[in-house]
Amino acid sequence: MSSLHLSFYSAFTLSSLGLAFHRTHLVSALLCLESMMLSVYITLSIWPVENQATSSTLMPMLMLTFSACEAGTGLAMLVATTRTHGSDQLQNLNLLQC
């Protein structure tokens, strides 16, 4: 495994660990999700170049599109919860009270 692959795998792993263990604010959870999507996007962009495969060059653009949709939805949820609950702390959000 090259050092380039190791760095992208470790970035994805650290992002998923950050999402799993540091869930105090919605902003930090969204940042961890975005860093996970960024590492997947870069990995999907480099993979066809390394394998010289032209059939999978569309996958990074699809991933980037879904990542942008996810970011927009996350920011809309952040604004909505901040307006209704007063803060973005995840401990204040309870699905049973909705």
# chains A, B, ... in the order shown; residues from 1 in each chain; ligands from 1

call {"tool": "residues_around", "arguments": {"residues": "region 77-81 of chain A", "least_positions_apart": "3", "cutoff": "12 Å", "atoms": "only C-alpha atoms", "output": "number ranges by chain"}}
result
A: 25-31, 70-74, 84-95, 98

call {"tool": "residues_around", "arguments": {"residues": "Ser35 (chain A)", "least_positions_apart": "6", "cutoff": "10 Å", "atoms": "only C-alpha atoms", "output": "MDAnalysis selection string"}}
result
chainID A and resid 11:12 14:16 41

call {"tool": "write_last_selection", "arguments": {"atoms": "C-alpha atoms", "output": "tab-separated table (two decimals), in the first residue's frame"}}
result
chain	number	residue	atom	x	y	z
A	11	ALA	CA	-8.28	10.50	6.88
A	12	PHE	CA	-11.50	8.52	6.39
A	14	LEU	CA	-10.16	9.60	11.65
A	15	SER	CA	-13.26	11.31	10.30
A	16	SER	CA	-15.46	8.36	11.15
A	41	TYR	CA	-14.00	11.87	-3.49

call {"tool": "select_by_dssp", "arguments": {"residues": "chain A", "states": "helix (DSSP H, G or I)", "output": "JSON, numbers by chain"}}
result
{"A": [3, 4, 5, 6, 7, 8, 9, 10, 11, 12, 13, 14, 15, 16, 17, 18, 19, 20, 21, 26, 27, 28, 29, 30, 31, 32, 33, 34, 35, 36, 37, 38, 39, 40, 41, 42, 43, 44, 45, 46, 47, 48, 49, 50, 51, 59, 60, 61, 62, 63, 64, 65, 66, 67, 68, 69, 70, 71, 72, 73, 74, 75, 76, 77, 78, 79, 80, 81, 82, 83, 84, 85, 90, 91, 92, 95, 96, 97]}

call {"tool": "residues_around", "arguments": {"residues": "Ala68 (chain A)", "least_positions_apart": "6", "cutoff": "12 Å", "atoms": "only C-alpha atoms", "output": "ChimeraX atom specification"}}
result
/A:30,33-34,37-38,41,61-62,74-75

call {"tool": "write_last_selection", "arguments": {"atoms": "C-alpha atoms", "output": "mmCIF file, in the first residue's frame"}}
result
data_model
loop_
_atom_site.group_PDB
_atom_site.id
_atom_site.type_symbol
_atom_site.label_atom_id
_atom_site.label_comp_id
_atom_site.auth_asym_id
_atom_site.auth_seq_id
_atom_site.Cartn_x
_atom_site.Cartn_y
_atom_site.Cartn_z
ATOM 1 C CA LEU A 30 -21.397 17.821 9.707
ATOM 2 C CA LEU A 33 -19.248 13.895 7.384
ATOM 3 C CA GLU A 34 -17.799 16.396 4.924
ATOM 4 C CA MET A 37 -16.917 12.636 1.701
ATOM 5 C CA LEU A 38 -13.811 14.593 0.720
ATOM 6 C CA TYR A 41 -14.002 11.866 -3.485
ATOM 7 C CA MET A 61 -18.660 13.662 -10.105
ATOM 8 C CA LEU A 62 -21.635 11.671 -8.793
ATOM 9 C CA GLY A 74 -27.172 19.353 6.781
ATOM 10 C CA LEU A 75 -26.951 23.129 6.811
#

call {"tool": "closest_atom_pairs", "arguments": {"of": "region 39-80 of chain A", "to": "region 2-9 of chain A", "cutoff": "10 Å", "atoms": "only C-alpha atoms", "output": "JSON lines"}}
result
{"residue": "A:Ser39", "atom": "CA", "partner": "A:Phe8", "partner_atom": "CA", "distance": 5.8}
{"residue": "A:Val40", "atom": "CA", "partner": "A:Phe8", "partner_atom": "CA", "distance": 7.9}
{"residue": "A:Tyr41", "atom": "CA", "partner": "A:Phe8", "partner_atom": "CA", "distance": 10.0}
{"residue": "A:Ile42", "atom": "CA", "partner": "A:Phe8", "partner_atom": "CA", "distance": 7.9}
{"residue": "A:Thr43", "atom": "CA", "partner": "A:Phe8", "partner_atom": "CA", "distance": 6.9}
{"residue": "A:Ile46", "atom": "CA", "partner": "A:His5", "partner_atom": "CA", "distance": 9.6}
{"residue": "A:Trp47", "atom": "CA", "partner": "A:His5", "partner_atom": "CA", "distance": 9.8}

call {"tool": "write_last_selection", "arguments": {"atoms": "N, CA and C atoms", "output": "PDB file, in the first residue's frame"}}
result
ATOM      1  N   SER A  39     -12.512  12.693   1.497  1.00  0.00           N
ATOM      2  CA  SER A  39     -11.525  11.632   1.325  1.00  0.00           C
ATOM      3  C   SER A  39     -12.020  10.571   0.335  1.00  0.00           C
ATOM      4  N   VAL A  40     -13.315  10.278   0.338  1.00  0.00           N
ATOM      5  CA  VAL A  40     -13.863   9.328  -0.638  1.00  0.00           C
ATOM      6  C   VAL A  40     -13.795   9.910  -2.052  1.00  0.00           C
ATOM      7  N   TYR A  41     -14.072  11.211  -2.177  1.00  0.00           N
ATOM      8  CA  TYR A  41     -14.002  11.866  -3.485  1.00  0.00           C
ATOM      9  C   TYR A  41     -12.582  11.842  -4.048  1.00  0.00           C
ATOM     10  N   ILE A  42     -11.611  12.157  -3.225  1.00  0.00           N
ATOM     11  CA  ILE A  42     -10.224  12.160  -3.704  1.00  0.00           C
ATOM     12  C   ILE A  42      -9.779  10.748  -4.056  1.00  0.00           C
ATOM     13  N   THR A  43     -10.180   9.778  -3.260  1.00  0.00           N
ATOM     14  CA  THR A  43      -9.837   8.384  -3.571  1.00  0.00           C
ATOM     15  C   THR A  43     -10.467   7.941  -4.881  1.00  0.00           C
ATOM     16  N   ILE A  46      -8.562   9.516  -7.843  1.00  0.00           N
ATOM     17  CA  ILE A  46      -7.224   8.987  -8.119  1.00  0.00           C
ATOM     18  C   ILE A  46      -7.281   7.563  -8.652  1.00  0.00           C
ATOM     19  N   TRP A  47      -8.286   6.800  -8.268  1.00  0.00           N
ATOM     20  CA  TRP A  47      -8.351   5.390  -8.642  1.00  0.00           C
ATOM     21  C   TRP A  47      -8.381   5.144 -10.151  1.00  0.00           C
TER      22      TRP A  47
END
